[in-house]
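Dropping coords-v7.pdb in here (PDB, C-alpha atoms, pLDDT in the B column):
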```pdb
ATOM      1  CA  MET A   1       0.000   0.000   0.000  1.00 40.00           C
ATOM      2  CA  SER A   2       1.331   3.461  -0.634  1.00 44.00           C
ATOM      3  CA  GLY A   3       1.576   4.331   3.041  1.00 44.00           C
ATOM      4  CA  GLY A   4       1.643   0.736   4.261  1.00 49.00           C
ATOM      5  CA  PRO A   5       3.674  -2.323   3.216  1.00 54.00           C
ATOM      6  CA  GLY A   6       0.893  -4.087   1.255  1.00 86.00           C
ATOM      7  CA  LEU A   7       1.725  -7.742   0.648  1.00 94.00           C
ATOM      8  CA  GLU A   8       5.105  -7.406   2.320  1.00 94.00           C
ATOM      9  CA  SER A   9       3.825  -8.829   5.601  1.00 94.00           C
ATOM     10  CA  LEU A  10       2.804 -12.014   3.779  1.00 96.00           C
ATOM     11  CA  VAL A  11       6.162 -12.791   2.136  1.00 97.00           C
ATOM     12  CA  ASP A  12       7.401 -16.297   3.012  1.00 97.00           C
ATOM     13  CA  GLN A  13       3.957 -17.147   4.416  1.00 96.00           C
ATOM     14  CA  THR A  14       1.520 -19.655   3.037  1.00 97.00           C
ATOM     15  CA  ILE A  15      -1.231 -17.830   1.195  1.00 97.00           C
ATOM     16  CA  SER A  16      -4.443 -18.730  -0.540  1.00 97.00           C
ATOM     17  CA  VAL A  17      -5.061 -16.884  -3.796  1.00 97.00           C
ATOM     18  CA  ILE A  18      -8.471 -16.583  -5.423  1.00 97.00           C
ATOM     19  CA  THR A  19      -8.103 -15.788  -9.117  1.00 97.00           C
ATOM     20  CA  ASN A  20     -10.580 -13.984 -11.358  1.00 97.00           C
ATOM     21  CA  ASP A  21     -11.637 -17.222 -13.021  1.00 96.00           C
ATOM     22  CA  GLY A  22     -12.616 -18.645  -9.621  1.00 96.00           C
ATOM     23  CA  ARG A  23      -9.596 -20.851  -8.935  1.00 96.00           C
ATOM     24  CA  ASN A  24      -8.045 -21.287  -5.520  1.00 96.00           C
ATOM     25  CA  ILE A  25      -4.253 -21.628  -5.460  1.00 97.00           C
ATOM     26  CA  VAL A  26      -2.297 -22.162  -2.252  1.00 97.00           C
ATOM     27  CA  GLY A  27       1.437 -21.573  -1.974  1.00 97.00           C
ATOM     28  CA  ILE A  28       4.246 -19.631  -0.328  1.00 98.00           C
ATOM     29  CA  LEU A  29       4.480 -15.986  -1.338  1.00 98.00           C
ATOM     30  CA  LYS A  30       7.988 -15.274  -2.545  1.00 98.00           C
ATOM     31  CA  GLY A  31       7.557 -11.905  -4.203  1.00 97.00           C
ATOM     32  CA  PHE A  32       5.135  -9.326  -5.487  1.00 97.00           C
ATOM     33  CA  ASP A  33       5.069  -5.932  -7.172  1.00 95.00           C
ATOM     34  CA  GLN A  34       2.873  -2.823  -7.346  1.00 93.00           C
ATOM     35  CA  ALA A  35       0.676  -4.450  -9.979  1.00 94.00           C
ATOM     36  CA  THR A  36       0.013  -7.316  -7.529  1.00 96.00           C
ATOM     37  CA  ASN A  37       1.841  -9.789  -9.790  1.00 97.00           C
ATOM     38  CA  ILE A  38       2.972 -12.527  -7.399  1.00 97.00           C
ATOM     39  CA  ILE A  39       5.489 -15.312  -7.189  1.00 98.00           C
ATOM     40  CA  LEU A  40       4.186 -18.406  -5.467  1.00 98.00           C
ATOM     41  CA  ASP A  41       6.425 -21.314  -4.479  1.00 97.00           C
ATOM     42  CA  GLU A  42       5.340 -24.896  -3.718  1.00 97.00           C
ATOM     43  CA  SER A  43       1.908 -24.086  -5.024  1.00 97.00           C
ATOM     44  CA  HIS A  44      -1.060 -26.342  -5.542  1.00 97.00           C
ATOM     45  CA  GLU A  45      -4.558 -25.710  -6.791  1.00 97.00           C
ATOM     46  CA  ARG A  46      -7.551 -26.762  -4.702  1.00 95.00           C
ATOM     47  CA  VAL A  47     -10.410 -27.832  -6.931  1.00 95.00           C
ATOM     48  CA  TYR A  48     -13.801 -27.801  -5.235  1.00 93.00           C
ATOM     49  CA  SER A  49     -16.684 -29.934  -6.434  1.00 92.00           C
ATOM     50  CA  THR A  50     -20.161 -30.830  -5.251  1.00 92.00           C
ATOM     51  CA  LYS A  51     -19.648 -34.472  -6.216  1.00 92.00           C
ATOM     52  CA  GLU A  52     -16.340 -35.350  -4.569  1.00 91.00           C
ATOM     53  CA  GLY A  53     -13.851 -33.988  -2.022  1.00 90.00           C
ATOM     54  CA  VAL A  54     -11.340 -31.238  -2.711  1.00 91.00           C
ATOM     55  CA  GLN A  55      -8.752 -32.205  -5.308  1.00 92.00           C
ATOM     56  CA  GLN A  56      -5.236 -30.842  -4.868  1.00 93.00           C
ATOM     57  CA  LEU A  57      -3.169 -30.405  -8.045  1.00 95.00           C
ATOM     58  CA  VAL A  58       0.549 -29.782  -7.566  1.00 96.00           C
ATOM     59  CA  LEU A  59       1.815 -26.811  -9.601  1.00 96.00           C
ATOM     60  CA  GLY A  60       5.249 -25.881  -8.244  1.00 96.00           C
ATOM     61  CA  LEU A  61       6.762 -22.419  -8.762  1.00 97.00           C
ATOM     62  CA  TYR A  62       4.255 -20.039 -10.302  1.00 97.00           C
ATOM     63  CA  ILE A  63       3.986 -16.405 -11.316  1.00 97.00           C
ATOM     64  CA  ILE A  64       0.408 -15.153 -11.217  1.00 97.00           C
ATOM     65  CA  ARG A  65      -0.335 -11.942 -13.083  1.00 97.00           C
ATOM     66  CA  GLY A  66      -1.908  -9.270 -10.896  1.00 97.00           C
ATOM     67  CA  ASP A  67      -4.694  -8.584 -13.433  1.00 96.00           C
ATOM     68  CA  ASN A  68      -6.057 -11.991 -12.639  1.00 97.00           C
ATOM     69  CA  ILE A  69      -6.012 -11.854  -8.832  1.00 97.00           C
ATOM     70  CA  SER A  70      -9.075 -11.228  -6.632  1.00 97.00           C
ATOM     71  CA  ILE A  71      -7.960 -12.149  -3.128  1.00 97.00           C
ATOM     72  CA  VAL A  72      -4.660 -12.932  -1.418  1.00 97.00           C
ATOM     73  CA  GLY A  73      -5.483 -14.537   1.919  1.00 97.00           C
ATOM     74  CA  GLU A  74      -3.135 -15.431   4.751  1.00 97.00           C
ATOM     75  CA  LEU A  75      -3.628 -19.144   5.351  1.00 96.00           C
ATOM     76  CA  ASP A  76      -3.844 -20.061   9.016  1.00 95.00           C
ATOM     77  CA  GLU A  77      -1.968 -23.403   9.074  1.00 94.00           C
ATOM     78  CA  GLU A  78      -3.701 -24.498  12.284  1.00 94.00           C
ATOM     79  CA  LEU A  79      -7.176 -23.876  10.901  1.00 93.00           C
ATOM     80  CA  ASP A  80      -6.200 -25.510   7.640  1.00 93.00           C
ATOM     81  CA  ALA A  81      -4.893 -28.638   9.395  1.00 94.00           C
ATOM     82  CA  ASN A  82      -8.286 -29.049  11.061  1.00 93.00           C
ATOM     83  CA  LEU A  83     -10.073 -29.125   7.720  1.00 91.00           C
ATOM     84  CA  ASP A  84     -10.943 -32.481   6.211  1.00 90.00           C
ATOM     85  CA  LEU A  85     -10.665 -31.579   2.530  1.00 89.00           C
ATOM     86  CA  SER A  86     -11.847 -35.007   1.428  1.00 90.00           C
ATOM     87  CA  LYS A  87     -15.208 -34.338   3.078  1.00 90.00           C
ATOM     88  CA  LEU A  88     -15.633 -30.810   1.739  1.00 90.00           C
ATOM     89  CA  ARG A  89     -18.230 -30.336  -0.982  1.00 91.00           C
ATOM     90  CA  ALA A  90     -18.798 -26.983  -2.608  1.00 92.00           C
ATOM     91  CA  HIS A  91     -19.675 -25.337  -5.857  1.00 91.00           C
ATOM     92  CA  PRO A  92     -16.658 -23.884  -7.626  1.00 91.00           C
ATOM     93  CA  LEU A  93     -16.305 -20.118  -7.149  1.00 93.00           C
ATOM     94  CA  LYS A  94     -17.880 -17.910  -9.758  1.00 95.00           C
ATOM     95  CA  PRO A  95     -15.664 -15.961 -12.150  1.00 96.00           C
ATOM     96  CA  VAL A  96     -15.335 -12.209 -11.714  1.00 96.00           C
ATOM     97  CA  VAL A  97     -17.645 -10.143 -13.864  1.00 96.00           C
ATOM     98  CA  HIS A  98     -16.584  -6.507 -14.246  1.00 94.00           C
TER      99      HIS A  98
ATOM    100  CA  MET B   1      -7.927  10.617  -3.625  1.00 87.00           C
ATOM    101  CA  LEU B   2     -11.201  11.375  -1.877  1.00 91.00           C
ATOM    102  CA  PHE B   3     -12.198   7.780  -1.277  1.00 92.00           C
ATOM    103  CA  PHE B   4      -8.645   6.814  -0.339  1.00 94.00           C
ATOM    104  CA  SER B   5      -8.765   9.441   2.424  1.00 92.00           C
ATOM    105  CA  TYR B   6     -12.271   8.412   3.349  1.00 92.00           C
ATOM    106  CA  PHE B   7     -11.312   4.755   3.774  1.00 94.00           C
ATOM    107  CA  LYS B   8      -8.200   5.697   5.739  1.00 93.00           C
ATOM    108  CA  ASP B   9     -10.514   7.320   8.275  1.00 91.00           C
ATOM    109  CA  LEU B  10     -12.579   4.139   8.467  1.00 93.00           C
ATOM    110  CA  VAL B  11      -9.631   1.917   9.465  1.00 95.00           C
ATOM    111  CA  GLY B  12     -10.602  -0.186  12.476  1.00 95.00           C
ATOM    112  CA  ARG B  13     -14.275  -0.449  11.521  1.00 95.00           C
ATOM    113  CA  GLU B  14     -16.151  -3.647  10.683  1.00 96.00           C
ATOM    114  CA  VAL B  15     -17.049  -3.676   7.009  1.00 97.00           C
ATOM    115  CA  THR B  16     -18.394  -6.190   4.519  1.00 97.00           C
ATOM    116  CA  VAL B  17     -16.736  -6.223   1.112  1.00 97.00           C
ATOM    117  CA  GLU B  18     -18.809  -7.646  -1.731  1.00 97.00           C
ATOM    118  CA  LEU B  19     -16.729  -8.745  -4.709  1.00 97.00           C
ATOM    119  CA  LYS B  20     -17.536  -8.978  -8.397  1.00 97.00           C
ATOM    120  CA  ASN B  21     -17.605 -12.777  -8.118  1.00 95.00           C
ATOM    121  CA  ASP B  22     -20.477 -12.424  -5.599  1.00 95.00           C
ATOM    122  CA  LEU B  23     -18.278 -13.435  -2.652  1.00 95.00           C
ATOM    123  CA  ALA B  24     -18.956 -11.283   0.447  1.00 96.00           C
ATOM    124  CA  ILE B  25     -16.322 -11.010   3.163  1.00 97.00           C
ATOM    125  CA  ARG B  26     -16.813  -9.404   6.553  1.00 96.00           C
ATOM    126  CA  GLY B  27     -13.840  -8.154   8.555  1.00 97.00           C
ATOM    127  CA  THR B  28     -12.081  -5.275  10.272  1.00 97.00           C
ATOM    128  CA  LEU B  29     -10.623  -2.712   7.888  1.00 96.00           C
ATOM    129  CA  HIS B  30      -6.876  -2.889   8.444  1.00 96.00           C
ATOM    130  CA  SER B  31      -5.570  -0.726   5.628  1.00 96.00           C
ATOM    131  CA  VAL B  32      -6.258   0.687   2.211  1.00 96.00           C
ATOM    132  CA  ASP B  33      -4.039   2.022  -0.570  1.00 95.00           C
ATOM    133  CA  GLN B  34      -4.186   4.388  -3.528  1.00 94.00           C
ATOM    134  CA  TYR B  35      -5.718   1.665  -5.719  1.00 95.00           C
ATOM    135  CA  LEU B  36      -8.370   1.114  -3.048  1.00 96.00           C
ATOM    136  CA  ASN B  37      -6.941  -2.361  -2.453  1.00 97.00           C
ATOM    137  CA  ILE B  38      -8.305  -3.410   0.939  1.00 97.00           C
ATOM    138  CA  LYS B  39      -6.711  -5.433   3.711  1.00 97.00           C
ATOM    139  CA  LEU B  40      -9.151  -7.005   6.152  1.00 97.00           C
ATOM    140  CA  GLU B  41      -8.429  -8.737   9.449  1.00 97.00           C
ATOM    141  CA  ASN B  42     -10.469 -11.298  11.328  1.00 96.00           C
ATOM    142  CA  THR B  43     -12.302 -12.232   8.164  1.00 95.00           C
ATOM    143  CA  ARG B  44     -15.262 -14.531   7.741  1.00 94.00           C
ATOM    144  CA  VAL B  45     -17.065 -15.193   4.513  1.00 95.00           C
ATOM    145  CA  VAL B  46     -20.704 -14.115   4.794  1.00 93.00           C
ATOM    146  CA  ASP B  47     -22.205 -17.325   3.399  1.00 89.00           C
ATOM    147  CA  GLN B  48     -19.691 -19.856   4.742  1.00 86.00           C
ATOM    148  CA  GLU B  49     -21.892 -22.828   3.936  1.00 83.00           C
ATOM    149  CA  ASN B  50     -21.733 -22.141   0.219  1.00 87.00           C
ATOM    150  CA  TYR B  51     -18.229 -20.675   0.188  1.00 91.00           C
ATOM    151  CA  PRO B  52     -15.934 -22.890   2.289  1.00 90.00           C
ATOM    152  CA  HIS B  53     -13.005 -21.837   0.079  1.00 92.00           C
ATOM    153  CA  MET B  54     -11.719 -19.336   2.622  1.00 93.00           C
ATOM    154  CA  LEU B  55     -12.317 -21.257   5.863  1.00 92.00           C
ATOM    155  CA  SER B  56      -8.635 -21.211   6.878  1.00 94.00           C
ATOM    156  CA  VAL B  57      -8.101 -17.565   5.977  1.00 95.00           C
ATOM    157  CA  ARG B  58      -8.392 -14.971   8.748  1.00 95.00           C
ATOM    158  CA  ASN B  59      -6.618 -11.989   7.146  1.00 96.00           C
ATOM    159  CA  CYS B  60      -6.779 -11.105   3.494  1.00 96.00           C
ATOM    160  CA  PHE B  61      -5.797  -8.616   0.843  1.00 97.00           C
ATOM    161  CA  ILE B  62      -8.540  -7.760  -1.623  1.00 97.00           C
ATOM    162  CA  ARG B  63      -7.584  -6.230  -4.956  1.00 97.00           C
ATOM    163  CA  GLY B  64      -9.432  -2.951  -5.504  1.00 96.00           C
ATOM    164  CA  SER B  65     -10.347  -3.849  -9.090  1.00 96.00           C
ATOM    165  CA  VAL B  66     -12.495  -6.725  -7.901  1.00 97.00           C
ATOM    166  CA  VAL B  67     -14.604  -4.869  -5.316  1.00 98.00           C
ATOM    167  CA  ARG B  68     -18.265  -4.285  -6.134  1.00 98.00           C
ATOM    168  CA  TYR B  69     -19.429  -2.804  -2.788  1.00 97.00           C
ATOM    169  CA  VAL B  70     -17.973  -1.916   0.578  1.00 97.00           C
ATOM    170  CA  GLN B  71     -20.806  -2.112   3.119  1.00 96.00           C
ATOM    171  CA  LEU B  72     -20.278   0.325   5.990  1.00 93.00           C
ATOM    172  CA  PRO B  73     -21.841   0.650   9.435  1.00 88.00           C
ATOM    173  CA  PRO B  74     -24.323   3.573   9.241  1.00 88.00           C
ATOM    174  CA  GLU B  75     -22.750   5.172  12.347  1.00 86.00           C
ATOM    175  CA  GLY B  76     -19.508   5.313  10.413  1.00 82.00           C
ATOM    176  CA  VAL B  77     -20.964   7.471   7.667  1.00 88.00           C
ATOM    177  CA  ASP B  78     -21.310  11.228   7.862  1.00 89.00           C
ATOM    178  CA  VAL B  79     -23.434  11.792   4.794  1.00 90.00           C
ATOM    179  CA  GLU B  80     -23.274  15.598   5.052  1.00 92.00           C
ATOM    180  CA  LEU B  81     -19.477  15.560   5.149  1.00 89.00           C
ATOM    181  CA  LEU B  82     -19.261  13.169   2.202  1.00 90.00           C
ATOM    182  CA  HIS B  83     -21.758  15.253   0.284  1.00 91.00           C
ATOM    183  CA  ASP B  84     -19.678  18.400   0.787  1.00 91.00           C
ATOM    184  CA  ALA B  85     -16.426  16.637  -0.032  1.00 90.00           C
ATOM    185  CA  THR B  86     -17.739  15.143  -3.269  1.00 91.00           C
ATOM    186  CA  ARG B  87     -19.200  18.450  -4.307  1.00 92.00           C
ATOM    187  CA  ARG B  88     -15.837  20.115  -3.813  1.00 91.00           C
ATOM    188  CA  GLU B  89     -14.045  17.318  -5.645  1.00 88.00           C
ATOM    189  CA  ALA B  90     -16.437  17.544  -8.584  1.00 88.00           C
ATOM    190  CA  ARG B  91     -15.918  21.298  -8.784  1.00 87.00           C
ATOM    191  CA  GLY B  92     -12.132  21.169  -8.533  1.00 79.00           C
ATOM    192  CA  GLY B  93     -11.524  18.019 -10.612  1.00 59.00           C
TER     193      GLY B  93
END
```
If you took the structure in this file and wrote it as structure tokens, what would it be?
Amino acid sequence: MSGGPGLESLVDQTISVITNDGRNIVGILKGFDQATNIILDESHERVYSTKEGVQQLVLGLYIIRGDNISIVGELDEELDANLDLSKLRAHPLKPVVH
Amino acid sequence: MLFFSYFKDLVGREVTVELKNDLAIRGTLHSVDQYLNIKLENTRVVDQENYPHMLSVRNCFIRGSVVRYVQLPPEGVDVELLHDATRREARGG
């Protein structure tokens, strides 16, 4: 943030990114810039479905363009460990409509 | 600049941000920047049943470009002041 640090406080933390097309990607924030482009290490995508549990697809080292980012959330590892992803059923997130 | 200043004054308040993908997130306004990107703390998704995607997230950064509405507590809004400020901005800008 001009004034505050912005995403700086989240560097080297595990974050959950929601993209404009409704995808959820979890990884470690390695870098970012003013355009909110981000570098995510050890990333995986969590695919939600109403028919089966959450699928996790390993992606590795990713750069996500800022244009395509909706939310960057700080993942609370404790809360996340308590989740049983195999039991979670949900509709996929809707894409962003401008 | 007007809304940037306005949001800076609202830091610490509980707000609900509704996004363009229909997700609504409630939390305490932590900070805002020139792009009106918003950082919220102590977040919960409004309809957690249908949106479990953010269950393990308690603090988040929301990109300004994706915000549809920012719902404010009525006590936090001085309509007269805003009215004057926007009038001045419209005149000067």
**Item:** Within 10 Å of Asp47 of chain B using only C-alpha atoms, minus same-chain residues under 4 positions, as a VMD selection string
**Value:** chain B and resid 23 to 25 51 to 52
**Message:** With distances taken over only C-alpha atoms, which residue among A:Leu88, A:Val26, A:Leu83, A:Leu93 lies nearest Ile64 of chain A?
**Reply:**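 Under the stated criterion, the closest residue is A:Val26.
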**Fill in**
The residue from A:Glu77, A:Asp84, A:Asp12, A:Glu52 with the smallest atom-to-atom distance to chain B, counting all atoms listed in the file, is A:Glu77
**Request:** Would you translate the PyMOL selection byres ((chain B and resi 38) around 8) into the concrete set of residues it matches in this file, as a PyMOL selection string?
**Result:** chain B and resi 29-33+36-37+39-40+61-64
Around segment 71-87 of chain A, with edges along x, y and z and 3 Å added on all six sides, what centre and edge lengths do you get, in Å to one decimal, as lines of an AutoDock Vina configuration file?
```
center_x = -8.6
center_y = -23.6
center_z = 4.6
size_x = 19.2
size_y = 28.9
size_z = 21.4
```
Name the residues in contact with Ile71 of chain A at a cut-off of 9 Å, using all atoms listed in the file, excluding same-chain residues fewer than 6 positions from it; report them as a PDB file with C-alpha atoms, keeping the file's coordinate frame.
```
ATOM      1  CA  SER A  16      -4.443 -18.730  -0.540  1.00 97.00           C
ATOM      2  CA  VAL A  17      -5.061 -16.884  -3.796  1.00 97.00           C
ATOM      3  CA  ILE A  18      -8.471 -16.583  -5.423  1.00 97.00           C
ATOM      4  CA  THR A  19      -8.103 -15.788  -9.117  1.00 97.00           C
ATOM      5  CA  ASN A  20     -10.580 -13.984 -11.358  1.00 97.00           C
TER       6      ASN A  20
ATOM      7  CA  CYS B  60      -6.779 -11.105   3.494  1.00 96.00           C
ATOM      8  CA  PHE B  61      -5.797  -8.616   0.843  1.00 97.00           C
ATOM      9  CA  ILE B  62      -8.540  -7.760  -1.623  1.00 97.00           C
ATOM     10  CA  ARG B  63      -7.584  -6.230  -4.956  1.00 97.00           C
ATOM     11  CA  VAL B  66     -12.495  -6.725  -7.901  1.00 97.00           C
TER      12      VAL B  66
END
```
**Asked** How would you write, as a list in words, the residues chosen by the PyMOL selection byres ((chain B and resi 11) around 8) on this structure?
**Response**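 Residues picked by the PyMOL selection byres ((chain B and resi 11) around 8): Phe7, Lys8, Asp9, Leu10, Gly12, Arg13, Thr28, Leu29, His30 and Ser31 of chain B.
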**Request:** Pull out every residue that the PyMOL selection byres ((chain A and resi 98) around 12) matches in the shown coordinates and put them as a list in words.
**Result:** Asn20, Asp21, Asn68, Ser70, Pro95, Val96 and Val97 of chain A; Leu19, Lys20, Asn21, Asp22, Gly64, Ser65, Val66, Val67 and Arg68 of chain B
